[in-house]
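K.L.:
The following file, query18.txt, comprises compact mmCIF, N, CA and C atoms:
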# COMPACT_ATOMS: atom_id res chain seq x y z
N MET A 240 52.89 -26.86 66.05
CA MET A 240 51.55 -27.06 65.61
C MET A 240 50.76 -25.75 65.64
N ASN A 241 51.03 -24.90 66.57
CA ASN A 241 50.35 -23.62 66.64
C ASN A 241 50.69 -22.75 65.44
N ILE A 242 51.87 -22.83 64.93
CA ILE A 242 52.28 -22.04 63.77
C ILE A 242 51.50 -22.48 62.54
N PHE A 243 51.33 -23.73 62.37
CA PHE A 243 50.60 -24.26 61.23
C PHE A 243 49.13 -23.80 61.28
N PHE A 244 48.55 -23.84 62.46
CA PHE A 244 47.16 -23.42 62.63
C PHE A 244 47.02 -21.93 62.37
N LEU A 245 47.94 -21.11 62.78
CA LEU A 245 47.90 -19.68 62.58
C LEU A 245 48.01 -19.34 61.10
N GLU A 246 48.87 -19.99 60.38
CA GLU A 246 49.02 -19.73 58.95
C GLU A 246 47.78 -20.13 58.19
N LYS A 247 47.16 -21.25 58.59
CA LYS A 247 45.96 -21.71 57.92
C LYS A 247 44.82 -20.71 58.13
N SER A 248 44.66 -20.13 59.29
CA SER A 248 43.58 -19.18 59.55
C SER A 248 43.82 -17.87 58.80
N LYS A 249 45.06 -17.48 58.61
CA LYS A 249 45.36 -16.28 57.82
C LYS A 249 44.97 -16.49 56.37
N VAL A 250 45.19 -17.67 55.87
CA VAL A 250 44.85 -17.96 54.48
C VAL A 250 43.34 -17.92 54.31
N ARG A 251 42.63 -18.45 55.28
CA ARG A 251 41.16 -18.44 55.20
C ARG A 251 40.63 -17.01 55.24
N SER A 252 41.14 -16.17 56.04
CA SER A 252 40.64 -14.81 56.15
C SER A 252 40.96 -13.99 54.91
N ALA A 253 41.92 -14.38 54.10
CA ALA A 253 42.28 -13.65 52.89
C ALA A 253 41.32 -13.98 51.75
N LYS A 254 40.56 -15.07 51.85
CA LYS A 254 39.64 -15.46 50.78
C LYS A 254 38.33 -14.70 50.92
N GLY A 255 37.63 -14.45 49.75
CA GLY A 255 36.30 -13.86 49.76
C GLY A 255 36.34 -12.34 49.70
N PHE A 256 35.14 -11.73 49.66
CA PHE A 256 34.99 -10.29 49.58
C PHE A 256 34.34 -9.77 50.85
N SER A 257 34.66 -8.53 51.17
CA SER A 257 34.02 -7.92 52.34
C SER A 257 32.66 -7.34 51.92
N LEU A 258 31.85 -6.98 52.85
CA LEU A 258 30.53 -6.43 52.57
C LEU A 258 30.63 -5.11 51.80
N VAL A 259 31.59 -4.29 52.12
CA VAL A 259 31.79 -3.01 51.44
C VAL A 259 32.15 -3.25 49.97
N GLU A 260 33.04 -4.20 49.72
CA GLU A 260 33.42 -4.52 48.34
C GLU A 260 32.22 -5.02 47.54
N LEU A 261 31.39 -5.84 48.14
CA LEU A 261 30.20 -6.34 47.45
C LEU A 261 29.22 -5.21 47.15
N LEU A 262 29.02 -4.31 48.09
CA LEU A 262 28.11 -3.19 47.87
C LEU A 262 28.61 -2.27 46.76
N ILE A 263 29.90 -2.01 46.74
CA ILE A 263 30.48 -1.15 45.69
C ILE A 263 30.34 -1.82 44.33
N SER A 264 30.64 -3.10 44.23
CA SER A 264 30.56 -3.77 42.93
C SER A 264 29.11 -3.87 42.45
N ILE A 265 28.17 -4.11 43.35
CA ILE A 265 26.75 -4.15 42.97
C ILE A 265 26.29 -2.77 42.52
N SER A 266 26.74 -1.72 43.19
CA SER A 266 26.37 -0.35 42.80
C SER A 266 26.89 -0.03 41.41
N ILE A 267 28.12 -0.37 41.13
CA ILE A 267 28.70 -0.13 39.80
C ILE A 267 27.93 -0.91 38.75
N PHE A 268 27.58 -2.16 39.06
CA PHE A 268 26.82 -2.99 38.13
C PHE A 268 25.46 -2.38 37.84
N VAL A 269 24.77 -1.85 38.86
CA VAL A 269 23.46 -1.24 38.67
C VAL A 269 23.57 0.02 37.81
N VAL A 270 24.59 0.83 38.02
CA VAL A 270 24.79 2.04 37.21
C VAL A 270 25.02 1.67 35.76
N ILE A 271 25.88 0.71 35.50
CA ILE A 271 26.16 0.27 34.13
C ILE A 271 24.91 -0.32 33.49
N LEU A 272 24.15 -1.10 34.25
CA LEU A 272 22.92 -1.70 33.75
C LEU A 272 21.89 -0.63 33.40
N THR A 273 21.81 0.42 34.20
CA THR A 273 20.87 1.50 33.93
C THR A 273 21.20 2.20 32.62
N PHE A 274 22.47 2.52 32.40
CA PHE A 274 22.88 3.14 31.14
C PHE A 274 22.64 2.21 29.96
N SER A 275 22.92 0.94 30.14
CA SER A 275 22.72 -0.02 29.07
C SER A 275 21.25 -0.15 28.70
N MET A 276 20.37 -0.17 29.68
CA MET A 276 18.93 -0.27 29.41
C MET A 276 18.43 0.97 28.68
N GLY A 277 18.94 2.13 29.03
CA GLY A 277 18.56 3.36 28.32
C GLY A 277 18.96 3.31 26.87
N SER A 278 20.16 2.83 26.61
CA SER A 278 20.63 2.69 25.24
C SER A 278 19.81 1.66 24.48
N LEU A 279 19.52 0.55 25.13
CA LEU A 279 18.73 -0.50 24.49
C LEU A 279 17.33 -0.01 24.16
N LEU A 280 16.70 0.73 25.05
CA LEU A 280 15.37 1.26 24.78
C LEU A 280 15.38 2.27 23.63
N SER A 281 16.41 3.09 23.54
CA SER A 281 16.48 4.06 22.44
C SER A 281 16.72 3.34 21.11
N VAL A 282 17.48 2.27 21.11
CA VAL A 282 17.69 1.49 19.87
C VAL A 282 16.39 0.83 19.45
N LEU A 283 15.64 0.28 20.39
CA LEU A 283 14.36 -0.35 20.07
C LEU A 283 13.36 0.69 19.55
N ASP A 284 13.35 1.87 20.12
CA ASP A 284 12.47 2.94 19.66
C ASP A 284 12.84 3.38 18.25
N ALA A 285 14.14 3.50 17.97
CA ALA A 285 14.59 3.88 16.63
C ALA A 285 14.20 2.80 15.62
N GLY A 286 14.28 1.55 16.00
CA GLY A 286 13.87 0.46 15.11
C GLY A 286 12.39 0.49 14.82
N ARG A 287 11.59 0.80 15.82
CA ARG A 287 10.14 0.89 15.63
C ARG A 287 9.79 2.04 14.69
N LYS A 288 10.46 3.18 14.86
CA LYS A 288 10.22 4.31 13.97
C LYS A 288 10.64 3.99 12.55
N ALA A 289 11.76 3.30 12.38
CA ALA A 289 12.22 2.94 11.04
C ALA A 289 11.23 1.99 10.36
N ARG A 290 10.69 1.02 11.12
CA ARG A 290 9.69 0.11 10.55
C ARG A 290 8.43 0.86 10.14
N SER A 291 8.00 1.81 10.95
CA SER A 291 6.81 2.60 10.62
C SER A 291 7.04 3.43 9.36
N LEU A 292 8.19 4.05 9.27
CA LEU A 292 8.51 4.86 8.10
C LEU A 292 8.59 3.98 6.85
N LYS A 293 9.16 2.80 6.98
CA LYS A 293 9.24 1.88 5.84
C LYS A 293 7.85 1.46 5.40
N SER A 294 6.96 1.19 6.33
CA SER A 294 5.59 0.81 6.00
C SER A 294 4.88 1.93 5.26
N VAL A 295 5.03 3.15 5.72
CA VAL A 295 4.40 4.30 5.07
C VAL A 295 4.96 4.48 3.66
N MET A 296 6.27 4.41 3.52
CA MET A 296 6.89 4.59 2.21
C MET A 296 6.49 3.49 1.24
N THR A 297 6.39 2.26 1.71
CA THR A 297 5.96 1.15 0.86
C THR A 297 4.54 1.37 0.37
N ASN A 298 3.66 1.78 1.28
CA ASN A 298 2.27 2.03 0.90
C ASN A 298 2.17 3.17 -0.10
N LEU A 299 2.90 4.24 0.14
CA LEU A 299 2.86 5.39 -0.76
C LEU A 299 3.44 5.05 -2.13
N ASN A 300 4.54 4.30 -2.16
CA ASN A 300 5.11 3.87 -3.44
C ASN A 300 4.14 2.99 -4.21
N PHE A 301 3.47 2.07 -3.52
CA PHE A 301 2.50 1.20 -4.17
C PHE A 301 1.34 2.02 -4.74
N THR A 302 0.87 2.99 -3.96
CA THR A 302 -0.24 3.83 -4.41
C THR A 302 0.13 4.63 -5.65
N THR A 303 1.28 5.27 -5.64
CA THR A 303 1.68 6.07 -6.80
C THR A 303 1.96 5.19 -8.02
N GLU A 304 2.46 3.98 -7.81
CA GLU A 304 2.70 3.06 -8.93
C GLU A 304 1.38 2.67 -9.59
N ILE A 305 0.39 2.31 -8.79
CA ILE A 305 -0.92 1.93 -9.32
C ILE A 305 -1.56 3.12 -10.05
N MET A 306 -1.51 4.29 -9.42
CA MET A 306 -2.09 5.48 -10.04
C MET A 306 -1.41 5.80 -11.37
N SER A 307 -0.10 5.79 -11.38
CA SER A 307 0.61 6.16 -12.61
C SER A 307 0.36 5.15 -13.73
N ARG A 308 0.24 3.87 -13.38
CA ARG A 308 -0.04 2.85 -14.40
C ARG A 308 -1.43 3.05 -15.00
N GLU A 309 -2.42 3.30 -14.13
CA GLU A 309 -3.78 3.50 -14.64
C GLU A 309 -3.88 4.78 -15.46
N ILE A 310 -3.23 5.83 -15.02
CA ILE A 310 -3.28 7.10 -15.75
C ILE A 310 -2.54 6.97 -17.07
N LYS A 311 -1.42 6.26 -17.06
CA LYS A 311 -0.61 6.11 -18.28
C LYS A 311 -1.39 5.42 -19.39
N PHE A 312 -2.16 4.40 -19.06
CA PHE A 312 -2.87 3.64 -20.08
C PHE A 312 -4.32 4.11 -20.26
N GLY A 313 -4.71 5.20 -19.58
CA GLY A 313 -6.07 5.72 -19.72
C GLY A 313 -6.20 6.64 -20.92
N ARG A 314 -7.40 7.23 -21.05
CA ARG A 314 -7.66 8.19 -22.14
C ARG A 314 -8.71 9.19 -21.64
N ASN A 315 -8.96 10.22 -22.43
CA ASN A 315 -9.94 11.26 -22.10
C ASN A 315 -9.68 11.85 -20.71
N TYR A 316 -8.52 12.42 -20.53
CA TYR A 316 -8.14 12.99 -19.24
C TYR A 316 -8.86 14.31 -19.00
N TYR A 317 -9.26 14.52 -17.76
CA TYR A 317 -9.91 15.76 -17.37
C TYR A 317 -9.34 16.18 -16.03
N CYS A 318 -8.84 17.40 -15.96
CA CYS A 318 -8.26 17.89 -14.72
C CYS A 318 -9.38 18.39 -13.82
N GLY A 319 -9.71 17.59 -12.82
CA GLY A 319 -10.80 17.89 -11.92
C GLY A 319 -11.71 16.69 -11.82
N ILE A 320 -12.88 16.88 -11.23
CA ILE A 320 -13.82 15.79 -11.07
C ILE A 320 -14.92 15.94 -12.10
N SER A 321 -15.08 14.93 -12.91
CA SER A 321 -16.13 14.93 -13.92
C SER A 321 -16.99 13.69 -13.71
N SER A 322 -18.29 13.92 -13.50
CA SER A 322 -19.19 12.79 -13.31
C SER A 322 -19.78 12.32 -14.64
N SER A 323 -19.52 13.07 -15.73
CA SER A 323 -20.03 12.64 -17.03
C SER A 323 -19.15 11.51 -17.57
N PHE A 324 -19.74 10.62 -18.30
CA PHE A 324 -18.98 9.51 -18.87
C PHE A 324 -19.12 9.54 -20.37
N PRO A 325 -18.05 9.59 -21.09
CA PRO A 325 -16.68 9.82 -20.65
C PRO A 325 -16.50 11.29 -20.27
N PRO A 326 -15.42 11.60 -19.56
CA PRO A 326 -15.17 13.00 -19.19
C PRO A 326 -14.96 13.84 -20.44
N PRO A 327 -15.08 15.15 -20.31
CA PRO A 327 -14.81 16.01 -21.47
C PRO A 327 -13.43 15.68 -22.03
N PRO A 328 -13.28 15.69 -23.34
CA PRO A 328 -12.03 15.20 -23.95
C PRO A 328 -10.82 16.07 -23.67
N ASN A 329 -9.78 15.42 -23.21
CA ASN A 329 -8.42 15.96 -23.09
C ASN A 329 -8.33 17.38 -22.55
N THR A 330 -8.90 17.61 -21.40
CA THR A 330 -8.74 18.88 -20.71
C THR A 330 -7.64 18.66 -19.69
N ASN A 331 -6.42 19.05 -20.04
CA ASN A 331 -5.31 18.81 -19.13
C ASN A 331 -5.14 19.95 -18.15
N CYS A 332 -4.28 19.76 -17.20
CA CYS A 332 -4.11 20.73 -16.11
C CYS A 332 -3.16 21.86 -16.46
N THR A 333 -2.48 21.80 -17.59
CA THR A 333 -1.45 22.80 -17.87
C THR A 333 -2.03 24.15 -18.23
N GLY A 334 -3.25 24.22 -18.77
CA GLY A 334 -3.83 25.50 -19.16
C GLY A 334 -4.47 26.23 -18.00
N GLN A 335 -4.57 25.61 -16.85
CA GLN A 335 -5.22 26.25 -15.71
C GLN A 335 -4.24 27.10 -14.92
N ALA A 336 -4.80 27.99 -14.12
CA ALA A 336 -3.95 28.88 -13.31
C ALA A 336 -3.15 28.10 -12.28
N SER A 337 -3.76 27.06 -11.71
CA SER A 337 -3.03 26.23 -10.76
C SER A 337 -3.36 24.76 -11.04
N PRO A 338 -2.44 23.87 -10.74
CA PRO A 338 -2.70 22.45 -10.99
C PRO A 338 -3.84 21.92 -10.12
N GLY A 339 -4.50 20.88 -10.60
CA GLY A 339 -5.66 20.34 -9.90
C GLY A 339 -5.29 19.30 -8.86
N THR A 340 -6.19 19.08 -7.90
CA THR A 340 -5.99 18.05 -6.88
C THR A 340 -6.82 16.81 -7.20
N ALA A 341 -7.44 16.78 -8.40
CA ALA A 341 -8.21 15.62 -8.81
C ALA A 341 -8.03 15.42 -10.31
N ILE A 342 -8.18 14.19 -10.75
CA ILE A 342 -8.10 13.89 -12.18
C ILE A 342 -9.14 12.82 -12.50
N SER A 343 -9.83 13.03 -13.61
CA SER A 343 -10.82 12.07 -14.11
C SER A 343 -10.34 11.57 -15.46
N PHE A 344 -10.55 10.30 -15.72
CA PHE A 344 -10.16 9.72 -17.00
C PHE A 344 -10.88 8.39 -17.19
N VAL A 345 -10.80 7.88 -18.40
CA VAL A 345 -11.33 6.55 -18.70
C VAL A 345 -10.17 5.59 -18.67
N SER A 346 -10.27 4.56 -17.84
CA SER A 346 -9.17 3.59 -17.71
C SER A 346 -9.10 2.71 -18.95
N SER A 347 -8.06 1.90 -19.03
CA SER A 347 -7.89 1.00 -20.18
C SER A 347 -9.00 -0.04 -20.26
N GLU A 348 -9.70 -0.29 -19.14
CA GLU A 348 -10.82 -1.23 -19.13
C GLU A 348 -12.14 -0.53 -19.48
N GLY A 349 -12.11 0.78 -19.72
CA GLY A 349 -13.31 1.52 -20.07
C GLY A 349 -14.11 2.01 -18.88
N VAL A 350 -13.48 2.09 -17.71
CA VAL A 350 -14.17 2.53 -16.49
C VAL A 350 -13.84 4.00 -16.22
N ASN A 351 -14.88 4.79 -15.94
CA ASN A 351 -14.66 6.19 -15.58
C ASN A 351 -14.02 6.24 -14.19
N THR A 352 -12.77 6.65 -14.12
CA THR A 352 -11.99 6.62 -12.88
C THR A 352 -11.66 8.03 -12.43
N ILE A 353 -11.77 8.25 -11.14
CA ILE A 353 -11.43 9.56 -10.56
C ILE A 353 -10.48 9.32 -9.39
N TYR A 354 -9.37 10.05 -9.38
CA TYR A 354 -8.47 10.09 -8.24
C TYR A 354 -8.53 11.50 -7.67
N ARG A 355 -8.63 11.61 -6.36
CA ARG A 355 -8.65 12.92 -5.72
C ARG A 355 -8.00 12.86 -4.35
N LYS A 356 -7.57 14.05 -3.90
CA LYS A 356 -7.08 14.20 -2.53
C LYS A 356 -8.24 14.73 -1.71
N SER A 357 -8.60 14.01 -0.67
CA SER A 357 -9.69 14.42 0.20
C SER A 357 -9.17 14.42 1.63
N GLY A 358 -9.02 15.59 2.19
CA GLY A 358 -8.42 15.69 3.52
C GLY A 358 -6.95 15.30 3.45
N ASN A 359 -6.57 14.26 4.17
CA ASN A 359 -5.17 13.81 4.18
C ASN A 359 -4.99 12.45 3.51
N ILE A 360 -5.95 12.04 2.68
CA ILE A 360 -5.85 10.74 2.01
C ILE A 360 -6.10 10.89 0.52
N ILE A 361 -5.70 9.89 -0.23
CA ILE A 361 -5.98 9.83 -1.66
C ILE A 361 -7.12 8.84 -1.84
N GLU A 362 -8.14 9.27 -2.59
CA GLU A 362 -9.30 8.42 -2.81
C GLU A 362 -9.47 8.13 -4.29
N LYS A 363 -10.16 7.02 -4.56
CA LYS A 363 -10.42 6.59 -5.93
C LYS A 363 -11.90 6.26 -6.08
N SER A 364 -12.47 6.67 -7.20
CA SER A 364 -13.85 6.32 -7.52
C SER A 364 -13.87 5.64 -8.88
N ILE A 365 -14.65 4.57 -8.98
CA ILE A 365 -14.80 3.89 -10.27
C ILE A 365 -16.27 3.90 -10.70
N ASP A 366 -17.08 4.74 -10.05
CA ASP A 366 -18.49 4.85 -10.41
C ASP A 366 -18.88 6.31 -10.63
N SER A 367 -18.05 7.03 -11.37
CA SER A 367 -18.28 8.44 -11.73
C SER A 367 -18.45 9.36 -10.53
N GLY A 368 -17.83 9.05 -9.42
CA GLY A 368 -17.84 9.93 -8.25
C GLY A 368 -18.96 9.69 -7.28
N SER A 369 -19.74 8.63 -7.45
CA SER A 369 -20.82 8.34 -6.50
C SER A 369 -20.27 7.91 -5.15
N SER A 370 -19.23 7.11 -5.18
CA SER A 370 -18.60 6.68 -3.93
C SER A 370 -17.09 6.64 -4.13
N TYR A 371 -16.38 6.83 -3.04
CA TYR A 371 -14.92 6.85 -3.09
C TYR A 371 -14.37 5.86 -2.07
N LEU A 372 -13.24 5.25 -2.42
CA LEU A 372 -12.51 4.36 -1.51
C LEU A 372 -11.13 4.93 -1.28
N ALA A 373 -10.65 4.85 -0.05
CA ALA A 373 -9.31 5.34 0.27
C ALA A 373 -8.28 4.42 -0.37
N VAL A 374 -7.29 5.02 -1.00
CA VAL A 374 -6.22 4.26 -1.64
C VAL A 374 -5.02 4.17 -0.71
N THR A 375 -4.81 5.19 0.09
CA THR A 375 -3.67 5.19 1.01
C THR A 375 -4.08 4.60 2.35
N ALA A 376 -3.11 4.08 3.06
CA ALA A 376 -3.34 3.49 4.38
C ALA A 376 -3.66 4.59 5.39
N PRO A 377 -4.33 4.26 6.48
CA PRO A 377 -4.69 5.28 7.48
C PRO A 377 -3.47 5.97 8.11
N GLU A 378 -2.33 5.27 8.21
CA GLU A 378 -1.16 5.90 8.82
C GLU A 378 -0.42 6.85 7.89
N VAL A 379 -0.83 6.91 6.60
CA VAL A 379 -0.21 7.81 5.63
C VAL A 379 -0.98 9.11 5.63
N THR A 380 -0.26 10.23 5.77
CA THR A 380 -0.86 11.55 5.72
C THR A 380 -0.35 12.25 4.48
N VAL A 381 -1.25 12.53 3.54
CA VAL A 381 -0.88 13.22 2.30
C VAL A 381 -1.16 14.69 2.52
N THR A 382 -0.11 15.50 2.46
CA THR A 382 -0.28 16.94 2.70
C THR A 382 -0.52 17.71 1.41
N ASP A 383 -0.02 17.21 0.28
CA ASP A 383 -0.20 17.93 -0.96
C ASP A 383 -0.17 16.95 -2.12
N MET A 384 -1.04 17.16 -3.11
CA MET A 384 -1.04 16.34 -4.31
C MET A 384 -1.57 17.21 -5.44
N ARG A 385 -0.82 17.30 -6.51
CA ARG A 385 -1.21 18.12 -7.65
C ARG A 385 -1.02 17.31 -8.93
N PHE A 386 -1.94 17.50 -9.87
CA PHE A 386 -1.82 16.87 -11.19
C PHE A 386 -1.47 17.96 -12.19
N TYR A 387 -0.41 17.72 -12.96
CA TYR A 387 0.06 18.67 -13.94
C TYR A 387 -0.18 18.12 -15.33
Can you give me the file's structure in the form of structure tokens?
P.N.:
Amino acid sequence: MNIFFLEKSKVRSAKGFSLVELLISISIFVVILTFSMGSLLSVLDAGRKARSLKSVMTNLNFTTEIMSREIKFGRNYYCGISSSFPPPPNTNCTGQASPGTAISFVSSEGVNTIYRKSGNIIEKSIDSGSSYLAVTAPEVTVTDMRFY
């Protein structure tokens, strides 16, 4: 009977983990978790940057599409800002020493329209330059715009 009891106690002592084994495994788990969280945060940051860039590109594409459509179907183009209605006839930007940063024209609806770059945004006026509204979103920074 003593032999049976001795074998049973040996089997019990072989089960489970020691404190050192638990500490080592928890340490390894924490190190792996730390690296994984760093990778996860960088992926989330890259996704946020990609969404921001997509938003800016969508806004800029929409702005240039609207501008090109209005300019395409307009008439009496003037390179620069003209408050006279209609602007002086067909003064294009090609004869000037440098291309202009503003264009005035009469839209297909007969409205004197002005597009210009002011600071880092593109603005539009439909009242001969009395007031301007921003066409680009605040997060879009326009560094250069020329009309040829």
K.L.:
Between A:Thr375, A:Thr382, A:Ser281, A:Asn315, which has the minimum distance to Asn351 in chain A (counting only C-alpha atoms)?
P.N.:
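Closest to Asn351 in chain A of all the choices is A:Asn315.
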K.L.:
Could you pull out the residues in range 333-386 of chain A that DSSP calls strand (DSSP E) from the backbone, as a list of chain:residue names?
P.N.:
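Listing strand (DSSP E) positions across range 333-386 of chain A yields A:Ala341, A:Ile342, A:Ser343, A:Phe344, A:Val345, A:Asn351, A:Thr352, A:Ile353, A:Tyr354, A:Arg355, A:Lys356, A:Ser357, A:Ile360, A:Ile361, A:Glu362, A:Lys363, A:Ser364, A:Leu372, A:Ala373.
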K.L.:
Have a look at CA of Ile320 in chain A and CA of Arg355 in chain A and let me know their distance in Å, one decimal.
P.N.:
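Separation of CA of Ile320 in chain A and CA of Arg355 in chain A: 8.0 Å.
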K.L.:
Do you have the atom N of Val374 in chain A-CA of Arg287 in chain A distance handy?
P.N.:
24.4 Å
K.L.:
With only C-alpha atoms counted, which protein, DNA or RNA residues have an atom no more than 9 Å from (-6.7, 16.9, 4.8) in the file frame? Please answer as a PyMOL selection string.
P.N.:
chain A and resi 356-360+380-383
